[in-house]
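Shown here: entry-v8.pdb, PDB, C-alpha atoms.
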```pdb
ATOM      1  CA  MET S   4    -137.104 -38.054   8.290
ATOM      2  CA  ILE S   5    -138.515 -41.174   6.680
ATOM      3  CA  LEU S   6    -142.053 -40.074   7.589
ATOM      4  CA  LEU S   7    -141.543 -36.772   5.805
ATOM      5  CA  ALA S   8    -139.939 -38.425   2.824
ATOM      6  CA  ALA S   9    -142.910 -40.740   2.425
ATOM      7  CA  LEU S  10    -145.199 -37.762   1.930
ATOM      8  CA  SER S  11    -144.311 -37.700  -1.774
ATOM      9  CA  THR S  12    -143.766 -40.500  -4.212
ATOM     10  CA  ASN S  13    -140.477 -39.121  -5.484
ATOM     11  CA  ALA S  14    -139.208 -38.989  -1.918
ATOM     12  CA  LEU S  15    -139.019 -42.774  -2.111
ATOM     13  CA  LEU S  16    -135.586 -42.114  -3.583
ATOM     14  CA  VAL S  17    -134.554 -40.400  -0.366
ATOM     15  CA  ILE S  18    -135.814 -43.406   1.610
ATOM     16  CA  PHE S  19    -133.799 -45.647  -0.689
ATOM     17  CA  PHE S  20    -130.683 -43.728   0.311
ATOM     18  CA  CYS S  21    -131.466 -44.215   3.988
ATOM     19  CA  GLY S  22    -131.556 -47.936   3.401
ATOM     20  CA  SER S  23    -128.413 -47.865   1.266
ATOM     21  CA  VAL S  24    -125.721 -46.843   3.520
ATOM     22  CA  LYS S  25    -142.201 -19.718   0.603
ATOM     23  CA  GLY S  26    -139.902 -17.602  -1.495
ATOM     24  CA  PHE S  27    -136.267 -16.863  -0.930
ATOM     25  CA  THR S  28    -133.842 -13.996  -1.625
ATOM     26  CA  SER S  29    -130.746 -14.316  -3.756
ATOM     27  CA  HIS S  30    -127.465 -12.697  -2.721
ATOM     28  CA  ALA S  31    -125.316 -13.328  -5.769
ATOM     29  CA  VAL S  32    -121.953 -11.616  -5.981
ATOM     30  CA  GLY S  33    -119.429 -10.766  -8.620
ATOM     31  CA  TYR S  34    -121.305  -8.568 -11.075
ATOM     32  CA  SER S  35    -123.816  -5.760 -11.364
ATOM     33  CA  PRO S  36    -127.027  -6.659 -13.246
ATOM     34  CA  THR S  37    -127.237  -3.075 -14.473
ATOM     35  CA  ASN S  38    -123.817  -3.287 -16.111
ATOM     36  CA  VAL S  39    -124.629  -6.652 -17.668
ATOM     37  CA  LEU S  40    -127.914  -5.409 -19.082
ATOM     38  CA  LEU S  41    -126.269  -2.269 -20.454
ATOM     39  CA  TRP S  42    -123.593  -4.419 -22.108
ATOM     40  CA  HIS S  43    -126.211  -6.603 -23.787
ATOM     41  CA  GLN S  44    -128.256  -3.593 -24.880
ATOM     42  CA  THR S  45    -125.163  -1.931 -26.346
ATOM     43  CA  LYS S  46    -124.181  -5.166 -28.070
ATOM     44  CA  ARG S  47    -127.657  -5.588 -29.523
ATOM     45  CA  SER S  48    -127.812  -1.976 -30.689
ATOM     46  CA  SER S  49    -124.456  -2.370 -32.433
ATOM     47  CA  LEU S  50    -125.497  -5.614 -34.104
ATOM     48  CA  THR S  51    -128.793  -4.176 -35.283
ATOM     49  CA  SER S  52    -127.167  -1.043 -36.702
ATOM     50  CA  SER S  53    -124.576  -3.144 -38.492
ATOM     51  CA  ALA S  54    -127.187  -5.404 -40.029
ATOM     52  CA  LEU S  55    -129.343  -2.509 -41.177
ATOM     53  CA  SER S  56    -126.457  -0.544 -42.664
ATOM     54  CA  SER S  57    -124.932  -3.498 -44.518
ATOM     55  CA  SER S  58    -128.005  -4.511 -46.503
ATOM     56  CA  SER S  59    -131.743  -4.285 -46.829
ATOM     57  CA  THR S  60    -133.966  -6.713 -44.957
ATOM     58  CA  ASP S  61    -136.723  -8.986 -46.138
ATOM     59  CA  GLY S  62    -140.193  -9.319 -44.657
ATOM     60  CA  TYR S  63    -138.940 -11.461 -41.772
ATOM     61  CA  GLY S  64    -136.241  -9.055 -40.636
ATOM     62  CA  SER S  65    -133.318 -11.215 -41.849
ATOM     63  CA  SER S  66    -130.657  -9.718 -44.059
ATOM     64  CA  SER S  67    -131.651 -10.635 -47.616
ATOM     65  CA  SER S  68    -128.052 -10.546 -48.900
ATOM     66  CA  THR S  69    -126.112 -12.123 -46.022
ATOM     67  CA  GLY S  70    -128.709 -14.312 -44.307
ATOM     68  CA  VAL S  71    -127.634 -12.951 -40.904
ATOM     69  CA  PRO S  72    -130.574 -12.967 -38.458
ATOM     70  CA  THR S  73    -131.677  -9.828 -36.664
ATOM     71  CA  LEU S  74    -132.570  -9.364 -33.019
ATOM     72  CA  GLU S  75    -136.216  -9.392 -34.051
ATOM     73  CA  ASP S  76    -135.680 -12.860 -35.520
ATOM     74  CA  LEU S  77    -134.155 -13.990 -32.242
ATOM     75  CA  ASP S  78    -137.081 -12.597 -30.246
ATOM     76  CA  ASP S  79    -139.502 -14.423 -32.555
ATOM     77  CA  ALA S  80    -137.568 -17.664 -32.063
ATOM     78  CA  LYS S  81    -137.726 -17.260 -28.284
ATOM     79  CA  ALA S  82    -141.461 -16.552 -28.447
ATOM     80  CA  ARG S  83    -142.051 -19.690 -30.535
ATOM     81  CA  LEU S  84    -140.101 -21.788 -28.049
ATOM     82  CA  VAL S  85    -141.983 -20.404 -25.036
ATOM     83  CA  ARG S  86    -145.374 -20.910 -26.718
ATOM     84  CA  THR S  87    -144.505 -24.481 -27.622
ATOM     85  CA  CYS S  88    -143.248 -25.266 -24.111
ATOM     86  CA  GLY S  89    -146.575 -24.068 -22.709
ATOM     87  CA  ARG S  90    -148.725 -26.077 -25.083
ATOM     88  CA  SER S  91    -150.838 -28.655 -23.297
ATOM     89  CA  SER S  92    -152.606 -30.366 -26.195
ATOM     90  CA  PRO S  93    -150.733 -31.950 -27.714
ATOM     91  CA  LYS S  94    -147.747 -31.698 -25.439
ATOM     92  CA  PRO S  95    -144.539 -30.884 -27.310
ATOM     93  CA  SER S  96    -142.194 -33.740 -28.066
ATOM     94  CA  LEU S  97    -138.506 -33.646 -27.236
ATOM     95  CA  SER S  98    -137.631 -33.614 -30.938
ATOM     96  CA  GLU S  99    -139.872 -30.590 -31.493
ATOM     97  CA  ILE S 100    -138.246 -28.707 -28.633
ATOM     98  CA  GLN S 101    -134.798 -29.726 -29.848
ATOM     99  CA  GLY S 102    -135.539 -28.253 -33.281
ATOM    100  CA  LEU S 103    -136.733 -24.939 -31.850
ATOM    101  CA  VAL S 104    -133.774 -24.765 -29.475
ATOM    102  CA  GLU S 105    -131.288 -25.452 -32.258
ATOM    103  CA  GLU S 106    -132.835 -22.653 -34.328
ATOM    104  CA  LEU S 107    -132.668 -20.231 -31.397
ATOM    105  CA  GLU S 108    -129.132 -21.150 -30.399
ATOM    106  CA  THR S 109    -127.856 -20.789 -33.956
ATOM    107  CA  MET S 110    -129.279 -17.266 -34.181
ATOM    108  CA  ALA S 111    -128.007 -16.347 -30.726
ATOM    109  CA  GLU S 112    -124.485 -17.508 -31.552
ATOM    110  CA  GLN S 113    -124.446 -15.449 -34.749
ATOM    111  CA  LEU S 114    -125.633 -12.398 -32.821
ATOM    112  CA  SER S 115    -123.399 -13.010 -29.768
ATOM    113  CA  VAL S 116    -126.417 -12.954 -27.451
ATOM    114  CA  GLY S 117    -126.904 -15.264 -24.482
ATOM    115  CA  GLN S 118    -123.401 -16.732 -24.743
ATOM    116  CA  ALA S 119    -120.714 -17.513 -22.131
ATOM    117  CA  SER S 120    -123.335 -18.180 -19.471
ATOM    118  CA  SER S 121    -120.880 -19.298 -16.797
ATOM    119  CA  ILE S 122    -119.121 -15.910 -16.755
ATOM    120  CA  SER S 123    -121.761 -13.456 -18.021
ATOM    121  CA  GLY S 124    -123.466 -13.160 -14.616
ATOM    122  CA  LEU S 125    -126.909 -13.709 -16.121
ATOM    123  CA  LEU S 126    -127.349 -17.143 -14.537
ATOM    124  CA  ASN S 127    -127.918 -15.435 -11.197
ATOM    125  CA  GLY S 128    -131.524 -15.162 -10.099
ATOM    126  CA  GLU S 129    -134.684 -17.213  -9.756
ATOM    127  CA  TRP S 130    -135.952 -19.384 -12.622
ATOM    128  CA  GLU S 131    -139.206 -21.214 -13.364
ATOM    129  CA  LEU S 132    -139.249 -24.423 -15.396
ATOM    130  CA  LEU S 133    -141.131 -24.256 -18.709
ATOM    131  CA  TYR S 134    -140.123 -27.581 -20.213
ATOM    132  CA  SER S 135    -138.579 -30.843 -19.063
ATOM    133  CA  PRO S 136    -138.137 -33.910 -21.289
ATOM    134  CA  GLU S 137    -139.209 -36.120 -18.377
ATOM    135  CA  ASP S 138    -140.992 -35.703 -15.068
ATOM    136  CA  ALA S 139    -140.316 -32.162 -13.789
ATOM    137  CA  THR S 140    -138.479 -33.533 -10.760
ATOM    138  CA  ARG S 141    -135.748 -34.563 -13.191
ATOM    139  CA  SER S 142    -134.837 -30.898 -13.625
ATOM    140  CA  SER S 143    -133.207 -31.099 -10.194
ATOM    141  CA  PRO S 144    -129.464 -31.865 -10.270
ATOM    142  CA  PHE S 145    -130.114 -34.343  -7.454
ATOM    143  CA  PHE S 146    -131.664 -36.723  -9.979
ATOM    144  CA  TRP S 147    -128.751 -36.216 -12.384
ATOM    145  CA  ALA S 148    -126.419 -37.234  -9.579
ATOM    146  CA  PHE S 149    -128.698 -40.138  -8.636
ATOM    147  CA  ARG S 150    -128.414 -41.426 -12.201
ATOM    148  CA  LYS S 151    -124.611 -41.189 -11.982
ATOM    149  CA  ALA S 152    -124.570 -43.114  -8.713
ATOM    150  CA  LEU S 153    -126.885 -45.865  -9.949
ATOM    151  CA  PRO S 154    -126.524 -45.975 -13.733
ATOM    152  CA  ASP S 155    -127.954 -49.487 -14.062
ATOM    153  CA  SER S 156    -131.079 -49.063 -11.954
ATOM    154  CA  ALA S 157    -131.923 -45.339 -11.861
ATOM    155  CA  ASP S 158    -134.224 -45.417 -14.879
ATOM    156  CA  GLN S 159    -136.106 -48.387 -13.464
ATOM    157  CA  ILE S 160    -136.587 -46.592 -10.147
ATOM    158  CA  PHE S 161    -137.685 -43.424 -11.927
ATOM    159  CA  GLY S 162    -140.131 -45.458 -13.994
ATOM    160  CA  ILE S 163    -141.927 -46.718 -10.893
ATOM    161  CA  THR S 164    -142.719 -43.234  -9.622
ATOM    162  CA  ASP S 165    -143.340 -41.800 -13.099
ATOM    163  CA  ALA S 166    -145.982 -44.461 -13.753
ATOM    164  CA  ILE S 167    -148.187 -43.224 -10.910
ATOM    165  CA  PRO S 168    -150.988 -41.332 -12.704
ATOM    166  CA  ALA S 169    -152.636 -38.015 -11.913
ATOM    167  CA  PRO S 170    -154.421 -37.066  -9.735
ATOM    168  CA  ILE S 171    -152.719 -39.548  -7.399
ATOM    169  CA  LYS S 172    -149.444 -37.789  -8.129
ATOM    170  CA  GLU S 173    -148.971 -34.341  -9.669
ATOM    171  CA  ILE S 174    -145.659 -32.554 -10.148
ATOM    172  CA  GLY S 175    -144.878 -28.870 -10.458
ATOM    173  CA  PRO S 176    -144.159 -26.067 -10.568
ATOM    174  CA  ALA S 177    -140.373 -26.253 -10.367
ATOM    175  CA  PHE S 178    -137.993 -23.410  -9.533
ATOM    176  CA  GLN S 179    -134.249 -22.895  -9.288
ATOM    177  CA  GLN S 180    -132.261 -20.247  -7.466
ATOM    178  CA  ILE S 181    -128.697 -19.638  -8.656
ATOM    179  CA  GLU S 182    -126.129 -17.507  -6.855
ATOM    180  CA  ILE S 183    -122.634 -17.532  -8.299
ATOM    181  CA  SER S 184    -119.672 -15.201  -7.973
ATOM    182  CA  THR S 185    -117.826 -14.866 -11.249
ATOM    183  CA  ASN S 186    -114.781 -13.774  -9.251
ATOM    184  CA  SER S 187    -114.467 -16.835  -6.998
ATOM    185  CA  GLN S 188    -116.378 -19.113  -9.406
ATOM    186  CA  THR S 189    -118.344 -20.507  -6.464
ATOM    187  CA  GLY S 190    -121.836 -20.057  -5.135
ATOM    188  CA  ARG S 191    -125.091 -21.681  -4.082
ATOM    189  CA  PHE S 192    -127.803 -23.549  -5.948
ATOM    190  CA  VAL S 193    -131.328 -24.420  -4.754
ATOM    191  CA  SER S 194    -133.853 -26.582  -6.604
ATOM    192  CA  ARG S 195    -137.497 -26.668  -5.495
ATOM    193  CA  VAL S 196    -140.168 -28.892  -7.034
ATOM    194  CA  LYS S 197    -143.727 -29.116  -5.736
ATOM    195  CA  VAL S 198    -145.038 -32.664  -5.383
ATOM    196  CA  ALA S 199    -148.733 -33.315  -4.681
ATOM    197  CA  THR S 200    -150.213 -36.722  -3.883
ATOM    198  CA  LEU S 201    -153.669 -38.088  -3.119
ATOM    199  CA  GLY S 202    -155.409 -35.539  -5.296
ATOM    200  CA  GLY S 203    -153.628 -32.624  -3.661
ATOM    201  CA  LEU S 204    -154.390 -33.633  -0.076
ATOM    202  CA  ALA S 205    -150.693 -34.082   0.630
ATOM    203  CA  THR S 206    -148.159 -31.660  -0.807
ATOM    204  CA  SER S 207    -144.527 -30.872  -0.162
ATOM    205  CA  ILE S 208    -141.681 -28.990  -1.818
ATOM    206  CA  MET S 209    -138.822 -31.336  -2.639
ATOM    207  CA  THR S 210    -135.823 -29.085  -2.018
ATOM    208  CA  THR S 211    -132.258 -29.864  -2.984
ATOM    209  CA  ARG S 212    -129.498 -27.563  -1.843
ATOM    210  CA  ALA S 213    -126.127 -27.663  -3.536
ATOM    211  CA  SER S 214    -122.842 -25.811  -3.775
ATOM    212  CA  ILE S 215    -121.438 -24.361  -6.976
ATOM    213  CA  VAL S 216    -117.789 -25.389  -6.804
ATOM    214  CA  GLY S 217    -116.450 -24.108 -10.107
ATOM    215  CA  ILE S 218    -117.077 -23.289 -13.740
ATOM    216  CA  VAL S 219    -116.466 -25.530 -16.734
ATOM    217  CA  GLY S 220    -115.578 -23.679 -19.898
ATOM    218  CA  LEU S 221    -117.766 -20.778 -20.950
ATOM    219  CA  ASP S 222    -121.139 -22.428 -20.453
ATOM    220  CA  GLY S 223    -120.871 -24.898 -17.569
ATOM    221  CA  ILE S 224    -120.976 -24.784 -13.788
ATOM    222  CA  ARG S 225    -120.010 -27.646 -11.509
ATOM    223  CA  ILE S 226    -122.619 -28.395  -8.852
ATOM    224  CA  LYS S 227    -122.041 -30.530  -5.751
ATOM    225  CA  ILE S 228    -125.200 -31.898  -4.120
ATOM    226  CA  ASP S 229    -125.433 -31.209  -0.383
ATOM    227  CA  THR S 230    -128.882 -32.035   1.018
ATOM    228  CA  THR S 231    -132.422 -32.983   0.031
ATOM    229  CA  LYS S 232    -135.558 -32.366   2.093
ATOM    230  CA  PRO S 233    -139.345 -32.297   1.633
ATOM    231  CA  GLU S 234    -140.299 -28.828   2.892
ATOM    232  CA  ASP S 235    -143.667 -27.187   3.638
ATOM    233  CA  SER S 236    -145.415 -30.530   4.135
ATOM    234  CA  THR S 237    -149.167 -30.106   4.442
ATOM    235  CA  VAL S 238    -149.455 -33.464   6.226
ATOM    236  CA  VAL S 239    -147.108 -32.389   8.998
ATOM    237  CA  LYS S 240    -148.957 -29.098   9.367
ATOM    238  CA  THR S 241    -152.322 -30.862   9.490
ATOM    239  CA  LEU S 242    -151.238 -33.501  11.997
ATOM    240  CA  LEU S 243    -149.344 -31.157  14.321
ATOM    241  CA  GLY S 244    -151.386 -27.984  13.907
ATOM    242  CA  PRO S 245    -149.583 -24.859  15.184
ATOM    243  CA  LEU S 246    -146.441 -26.905  15.824
ATOM    244  CA  GLY S 247    -146.272 -28.126  12.237
ATOM    245  CA  ASP S 248    -144.143 -25.264  10.928
ATOM    246  CA  VAL S 249    -141.725 -25.484  13.840
ATOM    247  CA  VAL S 250    -141.293 -29.241  13.487
ATOM    248  CA  SER S 251    -140.882 -29.043   9.706
ATOM    249  CA  GLU S 252    -138.248 -26.311   9.923
ATOM    250  CA  ASN S 253    -136.209 -28.097  12.572
ATOM    251  CA  ILE S 254    -136.086 -31.574  11.062
ATOM    252  CA  PRO S 255    -132.613 -31.849   9.514
ATOM    253  CA  PRO S 256    -132.364 -32.378   5.763
ATOM    254  CA  PHE S 257    -131.143 -35.691   4.420
ATOM    255  CA  PRO S 258    -127.417 -35.572   3.484
ATOM    256  CA  SER S 259    -128.047 -36.813  -0.044
ATOM    257  CA  GLY S 260    -124.652 -35.693  -1.329
ATOM    258  CA  GLU S 261    -122.853 -37.792   1.266
ATOM    259  CA  ALA S 262    -125.084 -40.778   0.494
ATOM    260  CA  LEU S 263    -124.361 -40.471  -3.212
ATOM    261  CA  GLU S 264    -120.627 -40.454  -2.531
ATOM    262  CA  ARG S 265    -120.945 -43.645  -0.481
ATOM    263  CA  ILE S 266    -122.635 -45.373  -3.402
ATOM    264  CA  MET S 267    -120.214 -44.074  -6.029
ATOM    265  CA  PRO S 268    -117.400 -41.613  -5.303
ATOM    266  CA  GLY S 269    -117.699 -38.486  -7.423
ATOM    267  CA  SER S 270    -121.367 -38.989  -8.228
ATOM    268  CA  SER S 271    -122.525 -36.052  -6.096
ATOM    269  CA  GLU S 272    -120.995 -33.607  -8.602
ATOM    270  CA  VAL S 273    -122.745 -32.811 -11.871
ATOM    271  CA  ILE S 274    -122.324 -30.248 -14.639
ATOM    272  CA  LEU S 275    -125.101 -27.781 -15.476
ATOM    273  CA  LYS S 276    -124.428 -26.760 -19.072
ATOM    274  CA  THR S 277    -126.322 -23.643 -20.154
ATOM    275  CA  THR S 278    -126.146 -23.036 -23.893
ATOM    276  CA  PHE S 279    -128.305 -19.897 -23.868
ATOM    277  CA  CYS S 280    -129.042 -17.406 -21.099
ATOM    278  CA  ASP S 281    -130.212 -13.835 -21.461
ATOM    279  CA  GLU S 282    -132.337 -11.455 -19.399
ATOM    280  CA  GLY S 283    -135.439 -13.649 -19.585
ATOM    281  CA  LEU S 284    -134.777 -17.158 -20.915
ATOM    282  CA  ARG S 285    -132.371 -19.984 -20.089
ATOM    283  CA  ILE S 286    -131.679 -23.272 -21.897
ATOM    284  CA  SER S 287    -129.780 -25.790 -19.806
ATOM    285  CA  ARG S 288    -128.710 -29.420 -20.011
ATOM    286  CA  ASP S 289    -127.307 -32.169 -17.831
ATOM    287  CA  GLY S 290    -123.647 -32.295 -18.811
ATOM    288  CA  ASP S 291    -123.875 -36.092 -19.094
ATOM    289  CA  ARG S 292    -127.102 -36.094 -21.140
ATOM    290  CA  LEU S 293    -126.841 -33.227 -23.591
ATOM    291  CA  GLU S 294    -129.807 -34.433 -25.632
ATOM    292  CA  ASP S 295    -132.130 -33.620 -22.722
ATOM    293  CA  ILE S 296    -133.184 -29.962 -22.730
ATOM    294  CA  TYR S 297    -134.602 -27.904 -19.866
ATOM    295  CA  VAL S 298    -136.133 -24.526 -20.687
ATOM    296  CA  TRP S 299    -136.391 -21.948 -17.896
ATOM    297  CA  ARG S 300    -138.024 -18.507 -17.660
ATOM    298  CA  ARG S 301    -136.584 -15.886 -15.332
ATOM    299  CA  ARG S 302    -138.781 -14.874 -12.409
ATOM    300  CA  GLU S 303    -136.388 -12.279 -11.034
ATOM    301  CA  PHE S 304    -132.799 -11.135 -11.095
ATOM    302  CA  ALA S 305    -130.512 -11.624  -8.144
ATOM    303  CA  SER S 306    -130.712  -9.184  -5.241
ATOM    304  CA  PHE S 307    -127.795  -6.794  -4.743
ATOM    305  CA  ASP S 308    -128.856  -5.183  -1.480
ATOM    306  CA  PHE S 309    -125.433  -5.964   0.008
ATOM    307  CA  LEU S 310    -123.593  -3.670  -2.454
TER     308      LEU S 310
END
```

Would you kindly transcribe this structure into structure tokens?
Amino acid sequence: MILLAALSTNALLVIFFCGSVKGFTSHAVGYSPTNVLLWHQTKRSSLTSSALSSSSTDGYGSSSSTGVPTLEDLDDAKARLVRTCGRSSPKPSLSEIQGLVEELETMAEQLSVGQASSISGLLNGEWELLYSPEDATRSSPFFWAFRKALPDSADQIFGITDAIPAPIKEIGPAFQQIEISTNSQTGRFVSRVKVATLGGLATSIMTTRASIVGIVGLDGIRIKIDTTKPEDSTVVKTLLGPLGDVVSENIPPFPSGEALERIMPGSSEVILKTTFCDEGLRISRDGDRLEDIYVWRRREFASFDFL
């Protein structure tokens, strides 16, 4: 386990715990994506008709007499946010992203779009990270829980790994899979972040698996960390040849949730607060650090083959 963990710099955190004490299919339950999409489309159609009938619009699509934004305004705001998240030179600052997110969320709240994420059903599916205020590994709830367990030293530990420059260490892409039943308010959560070291010679997918154990208000879900494991290690495959896949699949994951609880009881549970979530875009935050914003783009909806 320690050998696998050493294959990536961020896995040093997993090793620390030891000393201290290709795609996948979603099977979300509790709602039909067709019904949810129809509800949003009906809601949008009603809002647009109301805005158009109440007053004329200016050149930007906003109501000139009431100042109420239109759905076209909201789409433009989302497009601006996505473009800015993808900008490489210069990279967007947190304050810039915060401004764009505030603009989008204000419009969305006025239009009743993307709200009540914990019960709307739209969280379900696979998501790709577009923006993280820190290293992309920090989008994983494991690192939120790690910070709760070690509040005085977590940032220092993060700083050591973050300081390793490219191409020695490269992070990304990052993906999340969310499966939650709005009936039972429980489900599963998987975070995957690709970590490459030594100029890409050694790569692995740092995978954290967690349980969704409840909802918090209209826009939060409570996540309990279960395990963490570096998967699909190229070093293991290279060293062991045809046996590499078998060995990698059968090595047990590290019980990171249990280790967190030993360090500080209750630290293995974190809140994912999602302040906007529609058919294509999600804006989420660590419930303990609301100033940090993570922007996600949907890759696919949940699978409902079991219905």

I want to know what sits within 9 Å of segment 212-228 of chain S, based on all atoms listed in the file, with residues of the same chain fewer than 3 positions away left out; could you give that as a compact mmCIF listing (two decimals) with C-alpha atoms, keeping the file's coordinate frame?
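See part_12.txt below for the written result:
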```txt
# COMPACT_ATOMS: atom_id res chain seq x y z
CA GLN S 118 -123.40 -16.73 -24.74
CA ALA S 119 -120.71 -17.51 -22.13
CA SER S 120 -123.34 -18.18 -19.47
CA SER S 121 -120.88 -19.30 -16.80
CA ILE S 122 -119.12 -15.91 -16.76
CA SER S 123 -121.76 -13.46 -18.02
CA PRO S 144 -129.46 -31.86 -10.27
CA PHE S 145 -130.11 -34.34 -7.45
CA ALA S 148 -126.42 -37.23 -9.58
CA ILE S 181 -128.70 -19.64 -8.66
CA GLU S 182 -126.13 -17.51 -6.86
CA ILE S 183 -122.63 -17.53 -8.30
CA THR S 185 -117.83 -14.87 -11.25
CA SER S 187 -114.47 -16.84 -7.00
CA GLN S 188 -116.38 -19.11 -9.41
CA THR S 189 -118.34 -20.51 -6.46
CA GLY S 190 -121.84 -20.06 -5.14
CA ARG S 191 -125.09 -21.68 -4.08
CA PHE S 192 -127.80 -23.55 -5.95
CA VAL S 193 -131.33 -24.42 -4.75
CA SER S 194 -133.85 -26.58 -6.60
CA ARG S 195 -137.50 -26.67 -5.50
CA THR S 231 -132.42 -32.98 0.03
CA LYS S 232 -135.56 -32.37 2.09
CA PRO S 258 -127.42 -35.57 3.48
CA SER S 259 -128.05 -36.81 -0.04
CA GLY S 260 -124.65 -35.69 -1.33
CA GLU S 261 -122.85 -37.79 1.27
CA LEU S 263 -124.36 -40.47 -3.21
CA SER S 270 -121.37 -38.99 -8.23
CA SER S 271 -122.52 -36.05 -6.10
CA GLU S 272 -121.00 -33.61 -8.60
CA VAL S 273 -122.74 -32.81 -11.87
CA ILE S 274 -122.32 -30.25 -14.64
CA LEU S 275 -125.10 -27.78 -15.48
CA LYS S 276 -124.43 -26.76 -19.07
CA THR S 277 -126.32 -23.64 -20.15
CA THR S 278 -126.15 -23.04 -23.89
CA PHE S 279 -128.30 -19.90 -23.87
CA GLY S 290 -123.65 -32.30 -18.81
```

Exercise for review: State, in Å with one decimal place, the distance from atom CA of Asp165 of chain S to atom CA of Arg265 of chain S.
Suggested key: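 Atom CA of Arg265 of chain S lies 25.8 Å from atom CA of Asp165 of chain S.
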
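Atom CA of Pro168 of chain S to atom CA of Thr206 of chain S spans 15.6 Å [interatomic distance, one decimal].
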
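Counting all atoms listed in the file, the residue from S:Gln101, S:Ser207, S:Ser115, S:Ser156 that sits nearest to Gly175 of chain S is S:Ser207.
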
Exercise for review: Calculate how many Å separate atom CA of Ala80 of chain S from atom CA of Ser135 of chain S, rounding to one decimal.
Suggested key: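 Pair atom CA of Ala80 of chain S / atom CA of Ser135 of chain S returns 18.5 Å.
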
Point to revise | Residue contacts of Ala177 of chain S (7 Å, all atoms listed in the file) excluding same-chain residues fewer than 2 positions away, as a PyMOL selection string | key: chain S and resi 131-132+139+175+195-197

Exercise for review: Expand the PyMOL selection byres ((chain S and resi 199) around 7) into the individual residues it matches in the shown file, reporting them as a PyMOL selection string.
Suggested key: chain S and resi 11+172-174+197-198+200+203+205-207

Review point. Which of these residues is nearest to Ala166 of chain S, using all atoms listed in the file: S:Ser143, S:Gly89, S:Asp138, S:Pro256?
Key: S:Asp138

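With distances restricted to only C-alpha atoms, S:Gly124 is the closest residue to Asn186 of chain S from S:Phe149, S:Gly124, S:Asp229, S:Thr164.
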
Exercise for review: Pick out the residues sitting within 12 Å of segment 108-112 of chain S, and hand them over as a PyMOL selection string; count only C-alpha atoms, and ignore anything fewer than 3 positions along from it in its own chain.
Suggested key: chain S and resi 47+50+65+70-81+84+100-105+115-119+277-281+284-287

Taking only residues of segment 158-186 of chain S that have an atom at most 12 Å from an atom of segment 291-300 of chain S, what is each one's shortest atom pair and its distance in Å to one decimal, using only C-alpha atoms, in chain and number order, as CSV?
```
residue,atom,partner,partner_atom,distance
S:Pro176,CA,S:Trp299,CA,11.4
S:Ala177,CA,S:Trp299,CA,9.5
S:Phe178,CA,S:Trp299,CA,8.6
S:Gln179,CA,S:Trp299,CA,8.9
S:Gln180,CA,S:Trp299,CA,11.3
```
